[in-house]
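Visitor: I am sharing run12.cif, which consists of mmCIF, C-alpha atoms:
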data_target
loop_
_atom_site.group_PDB
_atom_site.id
_atom_site.type_symbol
_atom_site.label_atom_id
_atom_site.label_comp_id
_atom_site.auth_asym_id
_atom_site.auth_seq_id
_atom_site.Cartn_x
_atom_site.Cartn_y
_atom_site.Cartn_z
ATOM 1 C CA MET A 1 -5.354 -5.683 -14.977
ATOM 2 C CA PRO A 2 -8.802 -7.116 -15.715
ATOM 3 C CA ASN A 3 -12.024 -5.818 -14.240
ATOM 4 C CA VAL A 4 -14.145 -8.628 -12.813
ATOM 5 C CA THR A 5 -17.571 -9.050 -11.269
ATOM 6 C CA PHE A 6 -18.731 -11.840 -8.977
ATOM 7 C CA LYS A 7 -21.609 -12.688 -6.702
ATOM 8 C CA ASN A 8 -21.302 -11.653 -3.059
ATOM 9 C CA LEU A 9 -22.355 -14.752 -1.087
ATOM 10 C CA ASN A 10 -23.471 -12.826 2.010
ATOM 11 C CA GLY A 11 -27.137 -12.904 1.145
ATOM 12 C CA HIS A 12 -27.875 -9.340 0.014
ATOM 13 C CA GLY A 13 -28.033 -10.092 -3.717
ATOM 14 C CA ILE A 14 -24.972 -7.948 -4.459
ATOM 15 C CA THR A 15 -22.679 -8.274 -7.451
ATOM 16 C CA MET A 16 -19.195 -7.055 -6.565
ATOM 17 C CA ALA A 17 -16.993 -5.114 -8.979
ATOM 18 C CA ALA A 18 -13.231 -5.419 -8.644
ATOM 19 C CA THR A 19 -9.924 -5.075 -10.465
ATOM 20 C CA ILE A 20 -7.286 -7.811 -10.297
ATOM 21 C CA ASN A 21 -3.588 -6.985 -10.655
ATOM 22 C CA PHE A 22 -1.014 -9.633 -11.538
ATOM 23 C CA PRO A 23 2.753 -9.736 -11.005
ATOM 24 C CA ALA A 24 4.875 -9.029 -14.073
ATOM 25 C CA ASP A 25 5.952 -12.672 -14.368
ATOM 26 C CA PHE A 26 2.458 -14.088 -13.812
ATOM 27 C CA ASP A 27 2.025 -17.704 -14.908
ATOM 28 C CA GLU A 28 -1.546 -18.993 -14.706
ATOM 29 C CA SER A 29 -0.294 -22.534 -14.109
ATOM 30 C CA LYS A 30 1.322 -21.489 -10.811
ATOM 31 C CA THR A 31 -0.171 -20.302 -7.523
ATOM 32 C CA TYR A 32 0.511 -16.964 -5.841
ATOM 33 C CA PRO A 33 -0.222 -15.163 -2.590
ATOM 34 C CA ALA A 34 -3.041 -12.630 -2.910
ATOM 35 C CA VAL A 35 -4.044 -9.468 -1.064
ATOM 36 C CA VAL A 36 -7.522 -7.912 -0.852
ATOM 37 C CA VAL A 37 -7.328 -4.089 -0.890
ATOM 38 C CA SER A 38 -10.197 -2.039 0.597
ATOM 39 C CA HIS A 39 -10.883 1.603 -0.249
ATOM 40 C CA PRO A 40 -11.454 4.530 2.147
ATOM 41 C CA GLY A 41 -14.920 5.602 3.231
ATOM 42 C CA GLY A 42 -16.518 7.551 0.398
ATOM 43 C CA GLY A 43 -13.927 6.305 -2.079
ATOM 44 C CA VAL A 44 -13.762 3.711 -4.852
ATOM 45 C CA LYS A 45 -11.281 1.163 -6.161
ATOM 46 C CA GLU A 46 -9.947 3.559 -8.823
ATOM 47 C CA GLN A 47 -8.416 5.814 -6.163
ATOM 48 C CA ALA A 48 -6.017 5.005 -3.291
ATOM 49 C CA ALA A 49 -6.956 1.321 -3.066
ATOM 50 C CA GLY A 50 -6.269 0.806 -6.755
ATOM 51 C CA LEU A 51 -2.947 2.623 -6.505
ATOM 52 C CA TYR A 52 -1.766 0.397 -3.654
ATOM 53 C CA ALA A 53 -3.054 -2.712 -5.404
ATOM 54 C CA GLN A 54 -1.096 -1.870 -8.556
ATOM 55 C CA LYS A 55 2.104 -1.175 -6.669
ATOM 56 C CA LEU A 56 1.864 -4.306 -4.509
ATOM 57 C CA ALA A 57 1.432 -6.411 -7.654
ATOM 58 C CA GLU A 58 4.850 -5.107 -8.674
ATOM 59 C CA ALA A 59 6.135 -6.734 -5.471
ATOM 60 C CA GLY A 60 5.064 -10.163 -6.766
ATOM 61 C CA LEU A 61 1.565 -10.406 -5.278
ATOM 62 C CA ILE A 62 -1.809 -10.882 -6.889
ATOM 63 C CA THR A 63 -3.957 -8.026 -5.617
ATOM 64 C CA ILE A 64 -7.647 -7.257 -5.905
ATOM 65 C CA ALA A 65 -9.120 -3.811 -5.272
ATOM 66 C CA PHE A 66 -12.901 -3.791 -5.004
ATOM 67 C CA ASP A 67 -15.884 -1.506 -4.560
ATOM 68 C CA ARG A 68 -17.897 -2.192 -1.431
ATOM 69 C CA SER A 69 -21.534 -3.218 -1.617
ATOM 70 C CA TYR A 70 -23.829 -0.293 -2.534
ATOM 71 C CA GLN A 71 -20.837 1.727 -3.725
ATOM 72 C CA GLY A 72 -18.797 2.338 -6.859
ATOM 73 C CA ALA A 73 -19.469 -0.172 -9.627
ATOM 74 C CA SER A 74 -20.785 -2.824 -7.215
ATOM 75 C CA THR A 75 -24.546 -3.213 -7.109
ATOM 76 C CA GLY A 76 -27.049 -2.671 -4.316
ATOM 77 C CA GLU A 77 -29.673 -0.167 -3.258
ATOM 78 C CA PRO A 78 -29.730 2.318 -1.649
ATOM 79 C CA ARG A 79 -26.564 3.783 -3.079
ATOM 80 C CA GLN A 80 -23.799 4.928 -0.725
ATOM 81 C CA LEU A 81 -24.918 2.722 2.147
ATOM 82 C CA GLU A 82 -22.011 2.567 4.621
ATOM 83 C CA ASN A 83 -23.100 -0.126 7.041
ATOM 84 C CA PRO A 84 -19.776 -1.099 8.673
ATOM 85 C CA PHE A 85 -20.890 -4.668 9.331
ATOM 86 C CA VAL A 86 -21.698 -5.118 5.631
ATOM 87 C CA SER A 87 -18.397 -3.473 4.715
ATOM 88 C CA THR A 88 -16.500 -5.891 6.945
ATOM 89 C CA GLU A 89 -18.279 -8.877 5.426
ATOM 90 C CA ASP A 90 -17.468 -7.547 1.943
ATOM 91 C CA VAL A 91 -13.779 -8.234 2.624
ATOM 92 C CA SER A 92 -14.594 -11.869 3.349
ATOM 93 C CA ALA A 93 -16.817 -12.004 0.254
ATOM 94 C CA VAL A 94 -13.766 -11.067 -1.819
ATOM 95 C CA VAL A 95 -11.762 -13.765 -0.019
ATOM 96 C CA ASP A 96 -14.544 -16.210 -0.972
ATOM 97 C CA TYR A 97 -13.986 -15.254 -4.612
ATOM 98 C CA LEU A 98 -10.198 -15.524 -4.412
ATOM 99 C CA THR A 99 -10.446 -19.085 -3.087
ATOM 100 C CA THR A 100 -12.171 -20.093 -6.345
ATOM 101 C CA LEU A 101 -9.280 -18.887 -8.537
ATOM 102 C CA PRO A 102 -6.853 -21.695 -9.444
ATOM 103 C CA TYR A 103 -3.833 -19.389 -9.452
ATOM 104 C CA VAL A 104 -4.438 -18.076 -5.916
ATOM 105 C CA ASP A 105 -2.962 -20.028 -3.014
ATOM 106 C CA SER A 106 -5.907 -20.083 -0.591
ATOM 107 C CA ASP A 107 -3.519 -20.542 2.329
ATOM 108 C CA ARG A 108 -1.686 -17.302 1.469
ATOM 109 C CA ILE A 109 -4.372 -14.600 1.408
ATOM 110 C CA GLY A 110 -3.879 -11.258 3.129
ATOM 111 C CA ALA A 111 -5.968 -8.112 3.487
ATOM 112 C CA MET A 112 -5.132 -4.440 3.632
ATOM 113 C CA GLY A 113 -6.967 -1.182 3.358
ATOM 114 C CA VAL A 114 -6.666 2.570 3.460
ATOM 115 C CA CYS A 115 -8.521 4.726 6.025
ATOM 116 C CA ALA A 116 -11.888 3.121 6.876
ATOM 117 C CA GLY A 117 -10.963 0.273 4.534
ATOM 118 C CA ALA A 118 -8.075 -0.542 6.886
ATOM 119 C CA GLY A 119 -10.487 -0.727 9.806
ATOM 120 C CA TYR A 120 -12.847 -2.989 7.883
ATOM 121 C CA SER A 121 -9.883 -5.177 6.917
ATOM 122 C CA ALA A 122 -8.883 -5.443 10.584
ATOM 123 C CA ASN A 123 -12.407 -6.437 11.580
ATOM 124 C CA ALA A 124 -12.496 -9.009 8.782
ATOM 125 C CA ALA A 125 -9.163 -10.469 9.910
ATOM 126 C CA ILE A 126 -10.519 -10.809 13.454
ATOM 127 C CA ASN A 127 -13.542 -12.697 12.107
ATOM 128 C CA ASP A 128 -12.045 -14.637 9.195
ATOM 129 C CA ARG A 129 -9.047 -16.894 9.790
ATOM 130 C CA ARG A 130 -8.472 -17.290 6.053
ATOM 131 C CA ILE A 131 -6.909 -13.825 6.204
ATOM 132 C CA ARG A 132 -3.339 -14.692 7.162
ATOM 133 C CA ALA A 133 -1.864 -11.178 7.412
ATOM 134 C CA LEU A 134 -3.226 -7.651 7.843
ATOM 135 C CA GLY A 135 -1.841 -4.412 6.418
ATOM 136 C CA MET A 136 -3.177 -0.940 7.192
ATOM 137 C CA VAL A 137 -2.488 2.521 5.741
ATOM 138 C CA SER A 138 -3.769 5.643 7.548
ATOM 139 C CA ALA A 139 -6.090 3.338 9.469
ATOM 140 C CA VAL A 140 -9.467 4.614 10.610
ATOM 141 C CA ASN A 141 -11.803 2.709 12.896
ATOM 142 C CA ILE A 142 -14.923 4.402 11.540
ATOM 143 C CA GLY A 143 -16.853 3.947 14.778
ATOM 144 C CA GLN A 144 -14.079 5.577 16.808
ATOM 145 C CA MET A 145 -13.750 8.418 14.316
ATOM 146 C CA PHE A 146 -17.435 9.305 14.439
ATOM 147 C CA ARG A 147 -17.925 8.962 18.184
ATOM 148 C CA ASN A 148 -14.525 10.179 19.439
ATOM 149 C CA GLY A 149 -13.557 12.720 16.769
ATOM 150 C CA TRP A 150 -10.685 12.918 14.303
ATOM 151 C CA GLU A 151 -8.183 13.558 17.102
ATOM 152 C CA ASN A 152 -9.819 11.468 19.869
ATOM 153 C CA ASN A 153 -11.078 14.445 21.850
ATOM 154 C CA VAL A 154 -14.761 13.502 22.252
ATOM 155 C CA SER A 155 -16.064 10.975 24.789
ATOM 156 C CA ASP A 156 -18.371 8.138 23.825
ATOM 157 C CA ALA A 157 -21.185 9.590 25.919
ATOM 158 C CA GLU A 158 -20.920 12.935 24.123
ATOM 159 C CA ALA A 159 -21.656 11.184 20.829
ATOM 160 C CA VAL A 160 -25.152 10.019 21.767
ATOM 161 C CA GLY A 161 -26.581 12.874 19.698
ATOM 162 C CA TYR A 162 -25.352 11.116 16.564
ATOM 163 C CA LEU A 163 -27.540 8.142 17.442
ATOM 164 C CA ASP A 164 -30.490 10.511 17.834
ATOM 165 C CA PHE A 165 -29.676 12.046 14.462
ATOM 166 C CA GLY A 166 -29.427 8.625 12.814
ATOM 167 C CA ALA A 167 -32.749 7.545 14.280
ATOM 168 C CA SER A 168 -34.427 10.746 13.081
ATOM 169 C CA ALA A 169 -32.946 10.216 9.622
ATOM 170 C CA ARG A 170 -34.394 6.718 9.449
ATOM 171 C CA THR A 171 -37.832 8.029 10.341
ATOM 172 C CA GLY A 172 -37.469 10.745 7.713
ATOM 173 C CA ASP A 173 -36.335 8.228 5.105
ATOM 174 C CA ALA A 174 -39.405 6.108 5.782
ATOM 175 C CA ALA A 175 -41.734 9.089 5.487
ATOM 176 C CA SER A 176 -40.223 10.612 2.362
ATOM 177 C CA GLY A 177 -38.902 7.615 0.472
ATOM 178 C CA GLU A 178 -35.638 9.517 0.015
ATOM 179 C CA TYR A 179 -32.409 9.066 1.948
ATOM 180 C CA SER A 180 -30.690 11.839 3.870
ATOM 181 C CA VAL A 181 -26.898 11.892 3.708
ATOM 182 C CA ILE A 182 -23.841 12.754 5.804
ATOM 183 C CA PRO A 183 -20.355 13.703 4.549
ATOM 184 C CA LEU A 184 -17.501 11.239 4.967
ATOM 185 C CA ALA A 185 -15.068 13.991 3.966
ATOM 186 C CA PRO A 186 -15.759 17.729 3.682
ATOM 187 C CA MET A 187 -18.068 18.336 0.723
ATOM 188 C CA LYS A 188 -16.869 21.955 0.395
ATOM 189 C CA GLU A 189 -13.447 23.432 1.057
ATOM 190 C CA GLU A 190 -14.862 25.874 3.597
ATOM 191 C CA ASP A 191 -16.360 22.980 5.589
ATOM 192 C CA ALA A 192 -12.917 21.600 6.468
ATOM 193 C CA PRO A 193 -11.975 22.192 10.129
ATOM 194 C CA ASN A 194 -8.223 21.902 9.495
ATOM 195 C CA GLU A 195 -5.648 21.625 6.712
ATOM 196 C CA GLU A 196 -5.498 17.840 6.849
ATOM 197 C CA LEU A 197 -9.221 17.509 6.242
ATOM 198 C CA ARG A 198 -9.079 20.274 3.643
ATOM 199 C CA GLU A 199 -6.827 17.866 1.784
ATOM 200 C CA ALA A 200 -9.580 15.251 2.058
ATOM 201 C CA TRP A 201 -11.928 17.675 0.280
ATOM 202 C CA GLU A 202 -9.238 18.309 -2.316
ATOM 203 C CA TYR A 203 -8.633 14.596 -2.874
ATOM 204 C CA TYR A 204 -12.282 13.702 -3.457
ATOM 205 C CA HIS A 205 -13.627 16.857 -5.084
ATOM 206 C CA THR A 206 -10.884 18.267 -7.326
ATOM 207 C CA GLU A 207 -8.798 16.961 -10.192
ATOM 208 C CA ARG A 208 -6.357 15.559 -7.609
ATOM 209 C CA CYS A 209 -8.377 12.326 -7.536
ATOM 210 C CA ALA A 210 -12.094 13.011 -8.013
ATOM 211 C CA HIS A 211 -14.061 10.116 -9.503
ATOM 212 C CA PRO A 212 -17.719 10.146 -10.605
ATOM 213 C CA ASN A 213 -18.427 7.024 -8.510
ATOM 214 C CA ALA A 214 -17.019 8.594 -5.335
ATOM 215 C CA PRO A 215 -19.402 11.293 -4.076
ATOM 216 C CA GLY A 216 -17.794 11.375 -0.618
ATOM 217 C CA TYR A 217 -20.910 10.878 1.481
ATOM 218 C CA ALA A 218 -22.840 8.104 3.233
ATOM 219 C CA LEU A 219 -26.426 7.736 4.388
ATOM 220 C CA ALA A 220 -27.388 9.397 7.666
ATOM 221 C CA ARG A 221 -29.254 6.244 8.695
ATOM 222 C CA ASN A 222 -25.876 4.486 8.925
ATOM 223 C CA LEU A 223 -25.064 6.433 12.079
ATOM 224 C CA SER A 224 -27.234 3.819 13.821
ATOM 225 C CA GLN A 225 -24.570 1.227 13.010
ATOM 226 C CA ILE A 226 -21.421 3.366 12.830
ATOM 227 C CA ILE A 227 -21.534 4.991 16.267
ATOM 228 C CA THR A 228 -21.561 1.672 18.159
ATOM 229 C CA TYR A 229 -19.232 -0.168 15.744
ATOM 230 C CA ASP A 230 -15.703 -1.096 16.794
ATOM 231 C CA ALA A 231 -13.535 -2.296 13.922
ATOM 232 C CA TYR A 232 -11.130 -3.718 16.520
ATOM 233 C CA HIS A 233 -13.766 -5.614 18.542
ATOM 234 C CA LYS A 234 -12.138 -8.582 20.321
ATOM 235 C CA ALA A 235 -8.743 -7.925 18.731
ATOM 236 C CA GLU A 236 -7.292 -8.674 22.170
ATOM 237 C CA ALA A 237 -8.321 -12.311 21.761
ATOM 238 C CA PHE A 238 -8.694 -13.051 18.074
ATOM 239 C CA LEU A 239 -6.373 -10.827 16.016
ATOM 240 C CA THR A 240 -3.408 -13.178 16.162
ATOM 241 C CA GLN A 241 -2.249 -12.776 12.549
ATOM 242 C CA PRO A 242 0.775 -10.613 11.668
ATOM 243 C CA VAL A 243 -0.133 -6.919 11.470
ATOM 244 C CA LEU A 244 1.604 -3.949 9.843
ATOM 245 C CA ALA A 245 0.127 -0.477 10.269
ATOM 246 C CA VAL A 246 1.583 2.448 8.300
ATOM 247 C CA ALA A 247 0.718 5.940 9.516
ATOM 248 C CA GLY A 248 1.985 9.469 8.976
ATOM 249 C CA SER A 249 3.882 11.150 11.800
ATOM 250 C CA VAL A 250 1.621 14.211 11.649
ATOM 251 C CA ALA A 251 -1.647 12.387 10.890
ATOM 252 C CA GLY A 252 -4.537 13.319 13.160
ATOM 253 C CA SER A 253 -5.739 9.744 12.747
ATOM 254 C CA LYS A 254 -2.501 8.084 13.932
ATOM 255 C CA TRP A 255 -4.016 7.272 17.310
ATOM 256 C CA MET A 256 -6.318 4.727 15.656
ATOM 257 C CA SER A 257 -3.315 2.763 14.394
ATOM 258 C CA GLU A 258 -1.714 3.002 17.822
ATOM 259 C CA ASP A 259 -4.918 1.713 19.413
ATOM 260 C CA LEU A 260 -4.882 -1.449 17.319
ATOM 261 C CA MET A 261 -1.205 -1.991 18.077
ATOM 262 C CA ALA A 262 -2.034 -1.879 21.774
ATOM 263 C CA ARG A 263 -5.033 -4.169 21.458
ATOM 264 C CA ALA A 264 -4.048 -6.828 18.917
ATOM 265 C CA ALA A 265 -3.158 -10.265 20.298
ATOM 266 C CA SER A 266 -0.606 -10.730 17.516
ATOM 267 C CA THR A 267 3.019 -11.262 18.525
ATOM 268 C CA ASP A 268 4.091 -9.985 15.095
ATOM 269 C CA LYS A 269 2.818 -6.418 14.926
ATOM 270 C CA THR A 270 4.519 -3.260 13.767
ATOM 271 C CA LEU A 271 3.531 0.391 13.525
ATOM 272 C CA HIS A 272 5.652 2.021 10.818
ATOM 273 C CA VAL A 273 5.524 5.807 11.049
ATOM 274 C CA ILE A 274 6.433 7.818 7.954
ATOM 275 C CA GLU A 275 7.998 11.127 8.918
ATOM 276 C CA GLY A 276 6.284 14.219 7.571
ATOM 277 C CA ALA A 277 3.229 12.422 6.185
ATOM 278 C CA ASN A 278 -0.303 13.239 7.280
ATOM 279 C CA HIS A 279 -3.398 11.080 6.786
ATOM 280 C CA MET A 280 -4.044 12.150 3.202
ATOM 281 C CA SER A 281 -0.385 12.158 2.101
ATOM 282 C CA LEU A 282 -0.436 8.364 2.176
ATOM 283 C CA TYR A 283 -3.290 8.235 -0.348
ATOM 284 C CA ASP A 284 -1.350 9.488 -3.349
ATOM 285 C CA VAL A 285 1.807 11.514 -2.647
ATOM 286 C CA PRO A 286 4.528 9.454 -4.379
ATOM 287 C CA GLU A 287 7.224 10.096 -1.779
ATOM 288 C CA TYR A 288 5.068 8.677 0.998
ATOM 289 C CA VAL A 289 3.179 6.019 -0.967
ATOM 290 C CA ASP A 290 6.452 4.492 -2.153
ATOM 291 C CA GLN A 291 7.707 4.264 1.436
ATOM 292 C CA ALA A 292 4.460 2.612 2.525
ATOM 293 C CA VAL A 293 4.486 0.145 -0.375
ATOM 294 C CA ALA A 294 8.089 -0.844 0.357
ATOM 295 C CA GLN A 295 7.052 -1.784 3.897
ATOM 296 C CA LEU A 296 3.849 -3.549 2.824
ATOM 297 C CA GLY A 297 5.512 -5.484 0.021
ATOM 298 C CA GLU A 298 8.181 -6.843 2.334
ATOM 299 C CA PHE A 299 5.572 -7.574 5.001
ATOM 300 C CA PHE A 300 3.204 -9.554 2.794
ATOM 301 C CA ASN A 301 6.008 -11.444 1.068
ATOM 302 C CA ARG A 302 7.325 -12.445 4.492
ATOM 303 C CA THR A 303 4.018 -13.394 6.089
ATOM 304 C CA LEU A 304 2.091 -14.995 3.214
#
Output the file's structure in the form of structure tokens.
Guide:
Amino acid sequence: MPNVTFKNLNGHGITMAATINFPADFDESKTYPAVVVSHPGGGVKEQAAGLYAQKLAEAGLITIAFDRSYQGASTGEPRQLENPFVSTEDVSAVVDYLTTLPYVDSDRIGAMGVCAGAGYSANAAINDRRIRALGMVSAVNIGQMFRNGWENNVSDAEAVGYLDFGASARTGDAASGEYSVIPLAPMKEEDAPNEELREAWEYYHTERCAHPNAPGYALARNLSQIITYDAYHKAEAFLTQPVLAVAGSVAGSKWMSEDLMARAASTDKTLHVIEGANHMSLYDVPEYVDQAVAQLGEFFNRTL
């Protein structure tokens, strides 16, 4: 399970940090299908993405979990930038790297992600035909989440204040030379509006899965990109690859998986609902993760 670094070819001068996982019977003289695994917003590769990458390698796949540009062990300033367009292109930057590895079959590359990483993976699959199959776990379209709310109860027009806030933050950043931030998950337990999001605080800020590279926030200036971003933009025309979305039956975010199912042009698309799981359960609760991995392993082995 080597840690690797490589140049991101997208023109921002970033060096990406990633971890590659190999199947138990790995033979460097052979070629294998590979899956890029993207982490949730505010997270890093050592958390949910790394867990899924490890378990999918046990299903016979090469997997690579990576830190997005400006985050984790990848380089780039300012830290914790969460520009969704950059994050989408990061997935393709990892695909670029995989195509240079002699033991990866470049015609058998898939992408998956957890939470916002699933949305970025979907957007990358729409844009990048080298991604032959798409997997999603607790998918979040980060633009939808910010403008429409966790449970899809806010209209687009009601979210215009976020654009005002982002614009003000940019002006403040320019004046002060320091960057204002916004939480991607509750920063304090008392900030959580419900039990599901209290679990998000617990995941990122307690011994459950806290990591020093995962502070759980983004830059307020990124609201200028996030609010108008649609991870599923033009899925109706261009997302023709096989798609598997895994969501919890009691997840407040499940509607974002359902939305992609409705919109994707793919004729091979499945929403697998895990009974009793919420959004956060699928990050690390063994009972639910194992069910998700069983579905994803079969899916990628069938489609790649």
Visitor: Just checking: using only C-alpha atoms, which residue out of A:Tyr217, A:Trp150, A:Phe299, A:Tyr203 ends up closest to A:Ile182?
Guide: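 Closest candidate: A:Tyr217.
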Visitor: For atom CA of A:Leu51 and atom CA of A:Gln291, determine how far apart the two atoms are, in Å to one decimal place.
Guide: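 That distance, rounded to one decimal, is 13.4 Å.
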Visitor: Identify which of the residues A:Asn152, A:Gln295, A:Thr5, A:Gln71 lies closest to A:Ile274, counting only C-alpha atoms when measuring atom-to-atom distances.
Guide: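 Counting only C-alpha atoms, the residue closest to A:Ile274 is A:Gln295.
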Visitor: Since I can't run it myself right now, could you work out what the PyMOL selection byres ((chain A and resi 165-168) around 7) selects here and report it as a list in words?
Guide: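 Matching residues under the PyMOL selection byres ((chain A and resi 165-168) around 7) are Gly161, Tyr162, Leu163, Asp164, Ala169, Arg170, Thr171, Gly172, Ala220, Arg221, Asn222, Leu223 and Ser224 of chain A.
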Visitor: Report, in Å to a single decimal, how far apart atom CA of A:Ala210 and atom CA of A:Val250 are.
Guide: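 Atom-to-atom, atom CA of A:Val250 to atom CA of A:Ala210, that is 24.0 Å.
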Visitor: What do you get, as a PyMOL selection string, if you spell out every residue that the PyMOL selection byres ((chain A and resi 13) around 12) selects here?
Guide: chain A and resi 6-12+14-16+69-70+74-77
Visitor: Selection in question (the file shown): the PyMOL selection byres ((chain A and resi 53) around 8). Which residues does it include, as a ChimeraX atom specification?
Guide: /A:21,37,49-52,54-57,63-65
Visitor: Could you tell me how far atom CA of A:Ala111 lies from atom CA of A:Asp290, in Å and to one decimal?
Guide: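 Interatomic distance, atom CA of A:Ala111 to atom CA of A:Asp290: 18.6 Å.
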Visitor: Hey, which of A:Gly149, A:Gly60, A:Pro2, A:Pro78 ends up closest to A:Asp27? Count all atoms listed in the file.
Guide: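 Of A:Gly149, A:Gly60, A:Pro2, A:Pro78, the one nearest A:Asp27 is A:Gly60, counting all atoms listed in the file.
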Visitor: Name the residues in contact with A:Asn301 at a cut-off of 12 Å, using all atoms listed in the file, excluding same-chain residues fewer than 3 positions from it; report them as a PyMOL selection string.
Guide: chain A and resi 32-35+56-62+108-110+132-133+135+242+293-298+304
Visitor: Restricting it to C-alpha atoms, dump the selection as a short mmCIF file (atom, residue, chain, number, x, y, z; two decimals), keeping the file's coordinate frame.
Guide:
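Result file follows (result.cif):
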data_model
loop_
_atom_site.label_atom_id
_atom_site.label_comp_id
_atom_site.auth_asym_id
_atom_site.auth_seq_id
_atom_site.Cartn_x
_atom_site.Cartn_y
_atom_site.Cartn_z
CA TYR A 32 0.51 -16.96 -5.84
CA PRO A 33 -0.22 -15.16 -2.59
CA ALA A 34 -3.04 -12.63 -2.91
CA VAL A 35 -4.04 -9.47 -1.06
CA LEU A 56 1.86 -4.31 -4.51
CA ALA A 57 1.43 -6.41 -7.65
CA GLU A 58 4.85 -5.11 -8.67
CA ALA A 59 6.14 -6.73 -5.47
CA GLY A 60 5.06 -10.16 -6.77
CA LEU A 61 1.56 -10.41 -5.28
CA ILE A 62 -1.81 -10.88 -6.89
CA ARG A 108 -1.69 -17.30 1.47
CA ILE A 109 -4.37 -14.60 1.41
CA GLY A 110 -3.88 -11.26 3.13
CA ARG A 132 -3.34 -14.69 7.16
CA ALA A 133 -1.86 -11.18 7.41
CA GLY A 135 -1.84 -4.41 6.42
CA PRO A 242 0.78 -10.61 11.67
CA VAL A 293 4.49 0.14 -0.38
CA ALA A 294 8.09 -0.84 0.36
CA GLN A 295 7.05 -1.78 3.90
CA LEU A 296 3.85 -3.55 2.82
CA GLY A 297 5.51 -5.48 0.02
CA GLU A 298 8.18 -6.84 2.33
CA LEU A 304 2.09 -15.00 3.21
#
Visitor: Counting all atoms listed in the file, which of A:Val94, A:Ile126, A:Val86, A:Ala17 gets nearest to A:Gly72?
Guide: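 Among the listed residues, A:Ala17 lies closest to A:Gly72.
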Visitor: Of the residues A:Tyr229, A:Phe146, A:Phe22, A:Trp201, which is the one nearest to A:Asn83, using all atoms listed in the file?
Guide: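 Of A:Tyr229, A:Phe146, A:Phe22, A:Trp201, the one nearest A:Asn83, counting all atoms listed in the file, is A:Tyr229.
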Visitor: Every residue with an atom at most 8 Å from (-2.3, 5.9, 0.4) (file coordinates; all atoms listed in the file) is what I'm after, so could you write them as an mmCIF file with C-alpha atoms, in the frame of the given file?
Guide:
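Resulting contents of result.cif:
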data_model
loop_
_atom_site.group_PDB
_atom_site.id
_atom_site.type_symbol
_atom_site.label_atom_id
_atom_site.label_comp_id
_atom_site.auth_asym_id
_atom_site.auth_seq_id
_atom_site.Cartn_x
_atom_site.Cartn_y
_atom_site.Cartn_z
ATOM 1 C CA ALA A 48 -6.017 5.005 -3.291
ATOM 2 C CA ALA A 49 -6.956 1.321 -3.066
ATOM 3 C CA LEU A 51 -2.947 2.623 -6.505
ATOM 4 C CA TYR A 52 -1.766 0.397 -3.654
ATOM 5 C CA VAL A 114 -6.666 2.570 3.460
ATOM 6 C CA VAL A 137 -2.488 2.521 5.741
ATOM 7 C CA SER A 138 -3.769 5.643 7.548
ATOM 8 C CA MET A 280 -4.044 12.150 3.202
ATOM 9 C CA SER A 281 -0.385 12.158 2.101
ATOM 10 C CA LEU A 282 -0.436 8.364 2.176
ATOM 11 C CA TYR A 283 -3.290 8.235 -0.348
ATOM 12 C CA ASP A 284 -1.350 9.488 -3.349
ATOM 13 C CA VAL A 285 1.807 11.514 -2.647
ATOM 14 C CA TYR A 288 5.068 8.677 0.998
ATOM 15 C CA VAL A 289 3.179 6.019 -0.967
ATOM 16 C CA ALA A 292 4.460 2.612 2.525
#
Visitor: Using all atoms listed in the file, find the one residue out of A:Ser180, A:Asn3, A:Ser29, A:Thr267 that sits nearest to A:Glu46.
Guide: A:Asn3
